[in-house]
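Source file: upload_20.csv. Holds: CSV, C-alpha atoms.
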```
chain,number,residue,atom,x,y,z
O,17,MET,CA,15.3,-3.8,-38.5
O,18,SER,CA,12.8,-6.5,-39.5
O,19,GLU,CA,9.5,-7.0,-37.7
O,20,PHE,CA,9.6,-10.1,-35.6
O,21,LEU,CA,6.0,-10.1,-34.3
O,22,VAL,CA,3.2,-8.7,-36.5
O,23,VAL,CA,-0.4,-8.6,-35.2
O,24,ASP,CA,-2.5,-7.4,-38.2
O,25,GLY,CA,-6.1,-6.4,-37.8
O,26,VAL,CA,-6.8,-9.1,-35.2
O,27,CYS,CA,-10.2,-9.7,-33.7
O,28,ALA,CA,-10.3,-12.2,-30.8
O,29,GLY,CA,-12.2,-13.1,-27.7
O,30,TYR,CA,-13.8,-15.8,-25.7
O,31,GLY,CA,-17.1,-17.4,-26.6
O,32,ALA,CA,-19.6,-14.8,-27.7
O,33,ALA,CA,-17.5,-12.0,-26.2
O,34,GLN,CA,-15.1,-10.2,-28.6
O,35,VAL,CA,-12.2,-8.6,-26.7
O,36,LEU,CA,-9.8,-7.4,-29.5
O,37,HIS,CA,-11.2,-5.3,-32.3
O,38,GLU,CA,-9.0,-5.1,-35.4
O,39,VAL,CA,-5.8,-4.7,-33.3
O,40,SER,CA,-2.6,-4.1,-35.2
O,41,VAL,CA,0.8,-3.9,-33.5
O,42,SER,CA,4.3,-4.8,-34.6
O,43,VAL,CA,7.5,-5.5,-32.7
O,44,ALA,CA,10.9,-5.3,-34.4
O,45,GLN,CA,13.5,-8.0,-33.8
O,46,GLY,CA,15.5,-7.3,-30.7
O,47,GLU,CA,13.0,-4.7,-29.5
O,48,VAL,CA,11.3,-4.2,-26.1
O,49,CYS,CA,7.7,-3.3,-26.7
O,50,ALA,CA,5.4,-2.2,-23.8
O,51,ILE,CA,1.6,-2.9,-24.0
O,52,LEU,CA,-0.2,-0.4,-21.8
O,53,GLY,CA,-3.7,0.5,-20.9
O,54,PRO,CA,-6.4,0.1,-18.2
O,55,ASN,CA,-7.7,-3.1,-16.8
O,56,GLY,CA,-10.0,-4.9,-19.3
O,57,ALA,CA,-8.3,-3.2,-22.3
O,58,GLY,CA,-7.5,-6.6,-23.9
O,59,LYS,CA,-3.8,-6.6,-23.1
O,60,THR,CA,-3.7,-10.2,-21.7
O,61,THR,CA,-5.9,-11.4,-24.7
O,62,LEU,CA,-3.3,-9.9,-27.0
O,63,LEU,CA,-0.5,-11.9,-25.5
O,64,ARG,CA,-2.6,-15.0,-25.5
O,65,THR,CA,-3.3,-14.6,-29.1
O,66,ALA,CA,0.4,-14.0,-29.9
O,67,SER,CA,1.2,-17.3,-28.1
O,68,GLY,CA,-1.5,-19.4,-29.7
O,69,MET,CA,-3.6,-19.7,-26.6
O,70,VAL,CA,-6.4,-17.7,-28.2
O,71,ARG,CA,-7.1,-18.0,-31.9
O,72,ALA,CA,-7.7,-14.9,-34.0
O,73,ARG,CA,-11.3,-14.7,-35.4
O,74,ALA,CA,-10.1,-12.3,-38.1
O,75,GLY,CA,-6.7,-10.8,-39.1
O,76,SER,CA,-3.4,-12.6,-38.7
O,77,VAL,CA,-0.5,-13.1,-36.3
O,78,ARG,CA,3.0,-13.7,-37.7
O,79,VAL,CA,6.1,-14.6,-35.8
O,80,ASP,CA,9.3,-14.2,-37.8
O,81,GLY,CA,7.3,-14.4,-40.9
O,82,VAL,CA,5.3,-17.6,-39.9
O,83,VAL,CA,1.5,-17.2,-39.9
O,84,LEU,CA,0.2,-18.8,-36.7
O,85,GLY,CA,-3.3,-19.6,-38.0
O,86,ARG,CA,-4.5,-22.6,-36.1
O,87,SER,CA,-1.2,-23.3,-34.5
O,88,THR,CA,-1.2,-24.8,-31.0
O,89,PRO,CA,0.6,-23.1,-28.1
O,90,GLU,CA,3.2,-26.0,-28.3
O,91,SER,CA,3.9,-25.3,-31.9
O,92,VAL,CA,4.2,-21.6,-31.3
O,93,ALA,CA,6.7,-22.4,-28.4
O,94,ARG,CA,8.8,-24.3,-30.9
O,95,LEU,CA,9.0,-21.1,-33.0
O,96,GLY,CA,10.9,-19.6,-30.0
O,97,VAL,CA,8.0,-17.9,-28.2
O,98,ALA,CA,8.0,-18.1,-24.4
O,99,HIS,CA,4.9,-16.8,-22.6
O,100,VAL,CA,5.0,-15.9,-18.9
O,101,PRO,CA,1.3,-15.5,-18.0
O,102,GLN,CA,-0.2,-13.3,-15.4
O,103,GLY,CA,-0.1,-15.1,-12.0
O,104,ARG,CA,3.3,-16.6,-12.9
O,105,GLY,CA,2.1,-20.0,-14.0
O,106,THR,CA,4.7,-22.0,-12.2
O,107,PHE,CA,4.1,-25.7,-11.5
O,108,ALA,CA,3.5,-25.5,-7.8
O,109,PRO,CA,4.0,-29.3,-6.9
O,110,LEU,CA,7.2,-29.5,-8.8
O,111,THR,CA,10.6,-28.4,-7.5
O,112,VAL,CA,12.5,-25.4,-8.7
O,113,ALA,CA,14.9,-27.7,-10.6
O,114,GLU,CA,12.0,-29.5,-12.2
O,115,ASN,CA,10.3,-26.3,-13.3
O,116,LEU,CA,13.5,-25.2,-14.9
O,117,ARG,CA,13.9,-28.5,-16.7
O,118,VAL,CA,10.3,-28.1,-18.1
O,119,GLY,CA,11.4,-24.8,-19.6
O,120,ALA,CA,14.0,-26.7,-21.7
O,121,PHE,CA,11.6,-29.4,-22.9
O,122,THR,CA,11.9,-28.5,-26.6
O,123,ARG,CA,15.7,-28.6,-26.5
O,124,ARG,CA,18.3,-31.4,-27.0
O,125,ASP,CA,21.5,-29.3,-26.7
O,126,THR,CA,22.7,-30.6,-23.3
O,127,ALA,CA,25.8,-28.5,-23.0
O,128,ALA,CA,24.0,-25.3,-24.0
O,129,ILE,CA,21.2,-26.2,-21.5
O,130,ARG,CA,23.7,-26.3,-18.7
O,131,ALA,CA,25.2,-23.0,-19.8
O,132,ASP,CA,21.8,-21.4,-19.8
O,133,LEU,CA,21.0,-22.8,-16.4
O,134,ASP,CA,24.1,-21.1,-15.1
O,135,LYS,CA,23.0,-17.9,-16.8
O,136,VAL,CA,19.6,-18.1,-15.0
O,137,PHE,CA,21.4,-18.6,-11.7
O,138,GLY,CA,23.4,-15.6,-12.5
O,139,TYR,CA,20.3,-13.5,-12.9
O,140,PHE,CA,18.5,-15.2,-9.9
O,141,PRO,CA,21.0,-16.6,-7.4
O,142,ILE,CA,18.2,-17.5,-5.0
O,143,LEU,CA,16.9,-20.1,-7.3
O,144,LYS,CA,20.1,-22.1,-7.1
O,145,ASP,CA,19.7,-22.2,-3.3
O,146,LYS,CA,16.2,-23.5,-3.6
O,147,LEU,CA,16.5,-26.1,-6.3
O,148,ARG,CA,14.9,-28.9,-4.3
O,149,GLN,CA,12.1,-26.7,-2.9
O,150,GLN,CA,8.6,-27.0,-4.3
O,151,ALA,CA,7.7,-24.0,-6.4
O,152,GLY,CA,4.5,-23.5,-4.4
O,153,GLY,CA,6.5,-22.8,-1.3
O,154,LEU,CA,8.4,-19.8,-2.8
O,155,SER,CA,7.6,-16.2,-2.1
O,156,GLY,CA,5.7,-14.3,-4.8
O,157,GLY,CA,8.9,-12.6,-5.9
O,158,GLN,CA,10.8,-15.9,-6.1
O,159,GLN,CA,7.9,-17.5,-8.1
O,160,GLN,CA,8.1,-14.7,-10.6
O,161,MET,CA,11.9,-15.2,-10.9
O,162,LEU,CA,11.3,-18.9,-11.4
O,163,ALA,CA,8.6,-18.2,-14.1
O,164,LEU,CA,11.0,-15.9,-16.0
O,165,GLY,CA,13.9,-18.3,-15.4
O,166,ARG,CA,11.9,-21.2,-16.8
O,167,ALA,CA,11.0,-19.1,-19.9
O,168,LEU,CA,14.7,-18.2,-20.4
O,169,MET,CA,15.5,-21.9,-20.4
O,170,MET,CA,13.7,-22.2,-23.7
O,171,ARG,CA,16.3,-19.8,-25.1
O,172,PRO,CA,13.3,-17.8,-26.5
O,173,ARG,CA,13.5,-15.5,-29.5
O,174,LEU,CA,10.3,-13.8,-28.3
O,175,LEU,CA,9.5,-13.3,-24.6
O,176,LEU,CA,5.9,-12.4,-23.7
O,177,LEU,CA,5.5,-11.1,-20.2
O,178,ASP,CA,2.1,-10.5,-18.7
O,179,GLU,CA,2.1,-8.1,-15.6
O,180,PRO,CA,5.5,-9.3,-14.2
O,181,SER,CA,5.3,-6.8,-11.4
O,182,LEU,CA,1.9,-8.0,-10.1
O,183,GLY,CA,2.0,-8.5,-6.3
O,184,LEU,CA,5.7,-7.7,-6.0
O,185,SER,CA,7.4,-5.1,-3.8
O,186,PRO,CA,8.8,-2.0,-5.6
O,187,LEU,CA,12.4,-3.2,-5.0
O,188,VAL,CA,11.8,-6.7,-6.4
O,189,THR,CA,9.9,-5.1,-9.3
O,190,GLN,CA,12.9,-2.8,-10.2
O,191,GLU,CA,15.3,-5.7,-10.0
O,192,LEU,CA,13.1,-7.8,-12.3
O,193,PHE,CA,12.8,-5.1,-14.9
O,194,ALA,CA,16.6,-4.5,-14.8
O,195,ILE,CA,17.0,-8.2,-15.6
O,196,ILE,CA,14.5,-8.1,-18.4
O,197,ALA,CA,16.4,-5.2,-19.9
O,198,ALA,CA,19.7,-7.1,-19.4
O,199,VAL,CA,18.3,-10.2,-21.2
O,200,ASN,CA,17.2,-8.1,-24.1
O,201,GLU,CA,20.6,-6.4,-24.4
O,202,ALA,CA,22.7,-9.5,-23.8
O,203,ASP,CA,20.8,-12.0,-26.0
O,204,GLY,CA,18.9,-9.7,-28.4
O,205,THR,CA,15.7,-11.3,-27.2
O,206,THR,CA,12.6,-9.6,-28.5
O,207,VAL,CA,10.3,-8.7,-25.5
O,208,VAL,CA,6.7,-7.8,-25.3
O,209,VAL,CA,5.7,-6.7,-21.8
O,210,VAL,CA,2.2,-6.0,-20.5
O,211,GLU,CA,2.4,-3.9,-17.5
O,212,GLN,CA,0.3,-1.6,-15.3
O,213,ASN,CA,3.4,0.3,-14.0
O,214,ALA,CA,3.7,2.5,-17.1
O,215,HIS,CA,6.9,4.3,-15.8
O,216,LEU,CA,8.8,1.1,-15.4
O,217,ALA,CA,7.7,-0.4,-18.7
O,218,LEU,CA,8.4,2.8,-20.7
O,219,ALA,CA,11.8,3.0,-19.1
O,220,ILE,CA,13.0,-0.1,-20.8
O,221,ALA,CA,10.9,0.0,-23.9
O,222,ASP,CA,11.8,1.0,-27.5
O,223,ARG,CA,8.2,1.2,-28.5
O,224,ALA,CA,4.8,1.2,-26.8
O,225,HIS,CA,1.2,0.6,-27.8
O,226,VAL,CA,-1.7,1.8,-25.6
O,227,LEU,CA,-5.0,-0.3,-25.7
O,228,GLU,CA,-8.4,0.8,-24.6
O,229,THR,CA,-11.5,-1.5,-24.8
O,230,GLY,CA,-9.8,-3.8,-27.2
O,231,ARG,CA,-8.5,-1.1,-29.6
O,232,VAL,CA,-5.1,0.5,-30.1
O,233,VAL,CA,-5.5,4.2,-29.3
O,234,LEU,CA,-1.8,5.2,-29.5
O,235,SER,CA,1.5,3.8,-30.7
O,236,GLY,CA,4.9,5.3,-30.6
O,237,THR,CA,8.1,5.7,-28.7
O,238,PRO,CA,8.1,6.1,-24.9
O,239,ALA,CA,8.8,9.8,-25.4
O,240,GLN,CA,5.8,10.1,-27.7
O,241,ILE,CA,3.6,8.2,-25.2
O,242,ASP,CA,4.8,10.4,-22.3
O,243,ALA,CA,4.2,13.6,-24.3
O,244,ASP,CA,0.5,12.9,-24.9
O,245,ASP,CA,-1.2,14.4,-21.9
O,246,HIS,CA,-4.6,12.9,-22.7
O,247,ILE,CA,-3.3,9.4,-22.9
O,248,ALA,CA,-1.1,9.9,-19.8
O,249,ARG,CA,-4.1,11.0,-17.7
O,250,SER,CA,-6.8,8.7,-19.2
O,251,TYR,CA,-4.9,5.5,-19.7
O,252,LEU,CA,-1.6,5.5,-17.9
O,253,GLY,CA,-2.8,6.9,-14.6
O,254,TYR,CA,-0.4,9.9,-14.3
O,255,GLN,CA,-0.1,13.5,-15.4
O,256,ALA,CA,2.3,13.9,-18.3
```
When written as C-alpha coordinates, how does the structure in this file appear?
Amino acid sequence: MSEFLVVDGVCAGYGAAQVLHEVSVSVAQGEVCAILGPNGAGKTTLLRTASGMVRARAGSVRVDGVVLGRSTPESVARLGVAHVPQGRGTFAPLTVAENLRVGAFTRRDTAAIRADLDKVFGYFPILKDKLRQQAGGLSGGQQQMLALGRALMMRPRLLLLDEPSLGLSPLVTQELFAIIAAVNEADGTTVVVVEQNAHLALAIADRAHVLETGRVVLSGTPAQIDADDHIARSYLGYQA
(Lines of atoms letter the chains of each structure in order from A and count residues from 1; the text may use other names and numbers.)
(Lines give C-alpha, C1' and ligand atoms only; values in the text may rest on other atoms or scores of the structure.)
Protein backbone atom coordinates (compact mmCIF):
# COMPACT_ATOMS: atom_id res chain seq x y z
CA MET A 1 0.00 0.00 0.00
CA SER A 2 1.49 3.34 -1.07
CA GLU A 3 2.02 6.21 1.35
CA PHE A 4 -0.47 8.96 0.55
CA LEU A 5 0.68 11.54 3.12
CA VAL A 6 4.34 11.77 4.05
CA VAL A 7 5.59 14.30 6.61
CA ASP A 8 9.37 14.02 6.59
CA GLY A 9 11.52 15.74 9.22
CA VAL A 10 9.23 18.75 9.44
CA CYS A 11 9.96 21.74 11.64
CA ALA A 12 7.16 24.30 11.83
CA GLY A 13 5.69 26.94 14.10
CA TYR A 14 4.39 30.47 14.45
CA GLY A 15 6.62 33.53 14.44
CA ALA A 16 9.63 32.87 16.63
CA ALA A 17 8.01 29.86 18.30
CA GLN A 18 8.85 26.47 16.87
CA VAL A 19 6.14 23.88 17.56
CA LEU A 20 7.14 20.86 15.48
CA HIS A 21 10.68 19.49 15.78
CA GLU A 22 11.74 17.17 12.96
CA VAL A 23 8.39 15.38 12.90
CA SER A 24 8.07 12.43 10.55
CA VAL A 25 4.78 10.58 10.05
CA SER A 26 3.33 8.70 7.11
CA VAL A 27 -0.19 7.63 6.24
CA ALA A 28 -0.92 4.93 3.67
CA GLN A 29 -3.58 5.38 1.03
CA GLY A 30 -6.98 4.36 2.42
CA GLU A 31 -5.70 4.24 5.98
CA VAL A 32 -7.12 5.81 9.14
CA CYS A 33 -4.32 7.37 11.17
CA ALA A 34 -4.79 8.72 14.70
CA ILE A 35 -2.60 11.54 16.01
CA LEU A 36 -2.60 11.44 19.80
CA GLY A 37 -0.93 13.28 22.64
CA PRO A 38 -1.49 15.89 25.35
CA ASN A 39 -2.59 19.47 24.79
CA GLY A 40 0.18 21.58 23.30
CA ALA A 41 1.92 18.61 21.71
CA GLY A 42 1.71 20.10 18.21
CA LYS A 43 -1.12 17.98 16.84
CA THR A 44 -3.10 20.90 15.40
CA THR A 45 0.04 22.42 13.91
CA LEU A 46 0.78 19.10 12.21
CA LEU A 47 -2.62 19.12 10.50
CA ARG A 48 -2.25 22.78 9.54
CA THR A 49 1.11 22.01 7.98
CA ALA A 50 -0.37 19.09 6.05
CA SER A 51 -3.15 21.33 4.69
CA GLY A 52 -0.87 24.23 3.68
CA MET A 53 -2.06 26.61 6.41
CA VAL A 54 1.40 26.54 8.04
CA ARG A 55 4.58 26.25 5.98
CA ALA A 56 7.31 23.88 7.04
CA ARG A 57 10.55 25.64 8.02
CA ALA A 58 12.50 22.47 7.34
CA GLY A 59 11.68 19.03 6.01
CA SER A 60 8.93 18.32 3.51
CA VAL A 61 5.28 17.37 3.19
CA ARG A 62 4.10 15.23 0.28
CA VAL A 63 0.51 14.44 -0.68
CA ASP A 64 0.21 11.61 -3.21
CA GLY A 65 3.79 12.29 -4.26
CA VAL A 66 3.33 16.06 -4.68
CA VAL A 67 5.65 18.18 -2.53
CA LEU A 68 3.61 20.99 -0.98
CA GLY A 69 6.50 23.45 -0.58
CA ARG A 70 4.94 26.93 -0.65
CA SER A 71 1.53 25.68 -1.76
CA THR A 72 -1.48 27.68 -0.59
CA PRO A 73 -4.35 26.00 1.28
CA GLU A 74 -6.47 26.44 -1.88
CA SER A 75 -3.96 24.57 -4.04
CA VAL A 76 -3.63 21.84 -1.41
CA ALA A 77 -7.44 21.50 -1.38
CA ARG A 78 -7.32 20.97 -5.14
CA LEU A 79 -5.09 17.96 -4.50
CA GLY A 80 -8.05 16.44 -2.67
CA VAL A 81 -7.23 17.47 0.89
CA ALA A 82 -10.16 18.49 3.12
CA HIS A 83 -9.36 19.98 6.53
CA VAL A 84 -12.01 20.15 9.26
CA PRO A 85 -10.39 22.44 11.85
CA GLN A 86 -10.82 22.46 15.59
CA GLY A 87 -13.91 24.49 16.43
CA ARG A 88 -15.69 23.19 13.31
CA GLY A 89 -15.09 26.23 11.08
CA THR A 90 -18.57 26.46 9.58
CA PHE A 91 -19.64 29.74 8.00
CA ALA A 92 -22.11 30.84 10.67
CA PRO A 93 -24.03 33.50 8.62
CA LEU A 94 -24.55 31.08 5.70
CA THR A 95 -27.31 28.50 5.57
CA VAL A 96 -26.67 24.77 5.79
CA ALA A 97 -27.27 24.51 2.03
CA GLU A 98 -24.81 27.31 1.31
CA ASN A 99 -22.15 25.73 3.53
CA LEU A 100 -22.50 22.45 1.66
CA ARG A 101 -22.22 24.22 -1.69
CA VAL A 102 -19.00 25.87 -0.48
CA GLY A 103 -17.62 22.36 0.07
CA ALA A 104 -18.03 21.60 -3.63
CA PHE A 105 -16.44 24.83 -4.86
CA THR A 106 -13.62 23.06 -6.72
CA ARG A 107 -15.97 20.72 -8.58
CA ARG A 108 -17.89 21.04 -11.86
CA ASP A 109 -19.45 17.54 -11.99
CA THR A 110 -23.05 18.56 -11.30
CA ALA A 111 -24.59 15.09 -11.31
CA ALA A 112 -21.90 13.70 -9.00
CA ILE A 113 -22.33 16.70 -6.67
CA ARG A 114 -26.04 15.89 -6.34
CA ALA A 115 -25.21 12.25 -5.64
CA ASP A 116 -22.68 13.25 -2.97
CA LEU A 117 -25.23 15.61 -1.41
CA ASP A 118 -27.63 12.69 -1.07
CA LYS A 119 -24.81 10.66 0.49
CA VAL A 120 -24.18 13.42 3.06
CA PHE A 121 -27.88 13.47 3.90
CA GLY A 122 -27.70 9.70 4.33
CA TYR A 123 -24.97 10.16 6.93
CA PHE A 124 -26.58 13.22 8.53
CA PRO A 125 -30.38 13.28 7.92
CA ILE A 126 -30.82 16.27 10.25
CA LEU A 127 -28.94 18.49 7.79
CA LYS A 128 -31.59 17.92 5.12
CA ASP A 129 -34.25 19.13 7.55
CA LYS A 130 -32.27 22.30 8.29
CA LEU A 131 -31.09 23.29 4.81
CA ARG A 132 -32.42 26.85 5.07
CA GLN A 133 -31.25 27.43 8.65
CA GLN A 134 -28.17 29.51 9.34
CA ALA A 135 -25.23 27.39 10.44
CA GLY A 136 -24.69 29.57 13.50
CA GLY A 137 -28.08 28.50 14.84
CA LEU A 138 -27.28 24.79 14.84
CA SER A 139 -26.34 22.85 17.94
CA GLY A 140 -22.69 21.97 18.48
CA GLY A 141 -23.23 18.43 17.26
CA GLN A 142 -25.11 19.60 14.19
CA GLN A 143 -22.36 22.10 13.37
CA GLN A 144 -19.79 19.30 13.55
CA MET A 145 -21.96 17.22 11.22
CA LEU A 146 -22.17 20.16 8.84
CA ALA A 147 -18.40 20.71 8.95
CA LEU A 148 -17.78 17.05 8.09
CA GLY A 149 -20.54 17.06 5.47
CA ARG A 150 -19.06 20.14 3.81
CA ALA A 151 -15.65 18.44 3.74
CA LEU A 152 -17.17 15.33 2.15
CA MET A 153 -18.72 17.50 -0.58
CA MET A 154 -15.15 18.05 -1.81
CA ARG A 155 -15.00 14.28 -2.44
CA PRO A 156 -11.64 14.35 -0.62
CA ARG A 157 -8.89 11.81 -1.03
CA LEU A 158 -7.40 12.92 2.31
CA LEU A 159 -9.58 14.01 5.23
CA LEU A 160 -7.89 15.88 8.11
CA LEU A 161 -10.01 16.04 11.28
CA ASP A 162 -8.95 18.14 14.27
CA GLU A 163 -10.65 17.15 17.54
CA PRO A 164 -14.02 16.16 15.99
CA SER A 165 -15.41 15.17 19.42
CA LEU A 166 -14.68 18.53 21.07
CA GLY A 167 -17.72 19.73 23.01
CA LEU A 168 -19.96 16.87 21.86
CA SER A 169 -21.94 14.43 23.97
CA PRO A 170 -20.64 10.84 24.20
CA LEU A 171 -23.55 9.55 22.08
CA VAL A 172 -23.03 12.10 19.28
CA THR A 173 -19.28 11.45 19.41
CA GLN A 174 -19.77 7.70 18.96
CA GLU A 175 -22.12 8.29 16.03
CA LEU A 176 -19.64 10.68 14.43
CA PHE A 177 -16.75 8.24 14.69
CA ALA A 178 -18.91 5.46 13.25
CA ILE A 179 -19.58 7.70 10.24
CA ILE A 180 -15.88 8.53 9.86
CA ALA A 181 -15.14 4.80 9.78
CA ALA A 182 -17.96 4.25 7.27
CA VAL A 183 -16.63 6.99 4.96
CA ASN A 184 -13.19 5.40 5.07
CA GLU A 185 -14.55 1.95 4.31
CA ALA A 186 -17.07 2.96 1.63
CA ASP A 187 -14.93 5.45 -0.31
CA GLY A 188 -11.38 4.47 0.61
CA THR A 189 -10.82 8.00 1.91
CA THR A 190 -7.52 8.41 3.73
CA VAL A 191 -8.22 9.89 7.18
CA VAL A 192 -5.96 11.60 9.70
CA VAL A 193 -7.75 12.33 12.97
CA VAL A 194 -6.39 14.34 15.88
CA GLU A 195 -8.33 13.36 18.96
CA GLN A 196 -8.12 13.59 22.75
CA ASN A 197 -10.39 10.58 23.17
CA ALA A 198 -7.70 7.97 22.57
CA HIS A 199 -10.05 5.00 22.94
CA LEU A 200 -12.37 6.17 20.16
CA ALA A 201 -9.57 7.18 17.84
CA LEU A 202 -7.66 3.93 18.26
CA ALA A 203 -10.86 1.93 17.74
CA ILE A 204 -11.11 3.08 14.10
CA ALA A 205 -7.40 3.59 13.34
CA ASP A 206 -5.01 1.39 11.38
CA ARG A 207 -1.98 3.27 12.67
CA ALA A 208 -1.26 5.93 15.29
CA HIS A 209 1.44 8.44 16.14
CA VAL A 210 1.86 9.93 19.61
CA LEU A 211 3.27 13.46 19.88
CA GLU A 212 4.77 15.21 22.88
CA THR A 213 6.21 18.74 22.83
CA GLY A 214 6.37 18.72 19.05
CA ARG A 215 8.10 15.37 18.66
CA VAL A 216 6.89 11.90 17.76
CA VAL A 217 7.48 9.64 20.77
CA LEU A 218 5.77 6.51 19.49
CA SER A 219 4.36 5.18 16.22
CA GLY A 220 2.62 1.89 15.61
CA THR A 221 -0.63 -0.01 15.38
CA PRO A 222 -3.39 0.64 17.92
CA ALA A 223 -2.42 -2.62 19.66
CA GLN A 224 1.19 -1.47 19.95
CA ILE A 225 0.12 1.93 21.34
CA ASP A 226 -2.22 0.29 23.86
CA ALA A 227 0.47 -2.15 24.95
CA ASP A 228 2.95 0.59 25.91
CA ASP A 229 2.13 1.26 29.57
CA HIS A 230 4.33 4.34 29.82
CA ILE A 231 2.76 5.98 26.77
CA ALA A 232 -0.74 5.06 27.91
CA ARG A 233 -0.29 6.63 31.34
CA SER A 234 1.80 9.63 30.33
CA TYR A 235 0.26 10.71 27.04
CA LEU A 236 -3.10 9.07 26.56
CA GLY A 237 -4.52 9.54 30.02
CA TYR A 238 -5.36 5.97 30.92
CA GLN A 239 -3.77 2.84 32.36
CA ALA A 240 -2.86 0.29 29.70
Once you count all atoms listed in the file, what closest atom pair and distance in Å to one decimal does each residue of region 127-181 of chain O within 10 Å of region 212-232 of chain O have, with rows by chain and rising residue number, as JSON lines?
```
{"residue": "O:Asp178", "atom": "CA", "partner": "O:Gln212", "partner_atom": "CA", "distance": 9.7}
{"residue": "O:Glu179", "atom": "CA", "partner": "O:Gln212", "partner_atom": "CA", "distance": 6.8}
{"residue": "O:Pro180", "atom": "CA", "partner": "O:Gln212", "partner_atom": "CA", "distance": 9.4}
{"residue": "O:Ser181", "atom": "CA", "partner": "O:Asn213", "partner_atom": "CA", "distance": 7.8}
```
Residues at most 9 Å from Leu95 (chain O), counting only C-alpha atoms, excluding those fewer than 3 positions away in the same chain, as a list in words? Val79, Asp80, Val82, Glu90, Ser91, Val92, Pro172, Arg173 and Leu174 of chain O
Could you tell me how far CA of Glu201 (chain O) sits from CA of Cys49 (chain O), in Å to one decimal place?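 Here the two named atoms are 13.5 Å from each other.
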What does the distance from CA of Val48 (chain O) to CA of Arg78 (chain O) come to in Å, to one decimal?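 Taking CA of Val48 (chain O) and CA of Arg78 (chain O), their separation equals 17.1 Å.
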Ref. answer, residues at most 9 Å from (12.2, -20.8, -14.9) with only C-alpha atoms, as a list in words: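 Here is the list of nearby residues: Thr106, Val112, Ala113, Asn115, Leu116, Arg117, Val118, Gly119, Val136, Leu143, Gln159, Gln160, Met161, Leu162, Ala163, Leu164, Gly165, Arg166, Ala167, Leu168 and Met169 of chain O.
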Those same residues, written as a short mmCIF file (atom, residue, chain, number, x, y, z; two decimals), in the coordinates of the input with C-alpha atoms?
```cif
data_model
loop_
_atom_site.label_atom_id
_atom_site.label_comp_id
_atom_site.auth_asym_id
_atom_site.auth_seq_id
_atom_site.Cartn_x
_atom_site.Cartn_y
_atom_site.Cartn_z
CA THR O 106 4.70 -22.00 -12.20
CA VAL O 112 12.50 -25.40 -8.70
CA ALA O 113 14.90 -27.70 -10.60
CA ASN O 115 10.30 -26.30 -13.30
CA LEU O 116 13.50 -25.20 -14.90
CA ARG O 117 13.90 -28.50 -16.70
CA VAL O 118 10.30 -28.10 -18.10
CA GLY O 119 11.40 -24.80 -19.60
CA VAL O 136 19.60 -18.10 -15.00
CA LEU O 143 16.90 -20.10 -7.30
CA GLN O 159 7.90 -17.50 -8.10
CA GLN O 160 8.10 -14.70 -10.60
CA MET O 161 11.90 -15.20 -10.90
CA LEU O 162 11.30 -18.90 -11.40
CA ALA O 163 8.60 -18.20 -14.10
CA LEU O 164 11.00 -15.90 -16.00
CA GLY O 165 13.90 -18.30 -15.40
CA ARG O 166 11.90 -21.20 -16.80
CA ALA O 167 11.00 -19.10 -19.90
CA LEU O 168 14.70 -18.20 -20.40
CA MET O 169 15.50 -21.90 -20.40
#
```
At a cut-off of 10 Å from (24.1, -10.1, -14.4) in the coordinates of the file, what residues are picked up using only C-alpha atoms, written as a PDB file with C-alpha atoms, in the coordinates of the input?
```pdb
ATOM      1  CA  LYS O 135      23.000 -17.900 -16.800  1.00  0.00           C
ATOM      2  CA  VAL O 136      19.600 -18.100 -15.000  1.00  0.00           C
ATOM      3  CA  PHE O 137      21.400 -18.600 -11.700  1.00  0.00           C
ATOM      4  CA  GLY O 138      23.400 -15.600 -12.500  1.00  0.00           C
ATOM      5  CA  TYR O 139      20.300 -13.500 -12.900  1.00  0.00           C
ATOM      6  CA  PHE O 140      18.500 -15.200  -9.900  1.00  0.00           C
ATOM      7  CA  ALA O 194      16.600  -4.500 -14.800  1.00  0.00           C
ATOM      8  CA  ILE O 195      17.000  -8.200 -15.600  1.00  0.00           C
ATOM      9  CA  ALA O 198      19.700  -7.100 -19.400  1.00  0.00           C
ATOM     10  CA  VAL O 199      18.300 -10.200 -21.200  1.00  0.00           C
ATOM     11  CA  ALA O 202      22.700  -9.500 -23.800  1.00  0.00           C
TER      12      ALA O 202
END
```
Nearest candidate to Val83 (chain O) (options O:Glu38, O:Asp203, O:Asp24, O:Asp244; using all atoms listed in the file):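 Answer, going by the shortest atom-to-atom distance: O:Asp24.
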For a quick check of understanding, using all atoms listed in the file, which of O:Gly157, O:Arg94, O:Arg171, O:Ala131 has the smallest distance to Ser185 (chain O)?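 Closest residue, counting all atoms listed in the file: O:Gly157.
Distance-wise, CA of Ala74 (chain O) and CA of Val233 (chain O) end up 19.3 Å apart.
Nearest residue to Ala28 (chain O) among O:Gly153, O:Gly103, O:Gly75, O:Gly96 is O:Gly75, counting all atoms listed in the file.
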Using only C-alpha atoms, can you tell me which of O:Ser18, O:Gly204, O:Thr237, O:Gln158 comes closest to Leu192 (chain O)?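 Among the listed residues, the smallest separation from Leu192 (chain O) belongs to O:Gln158.
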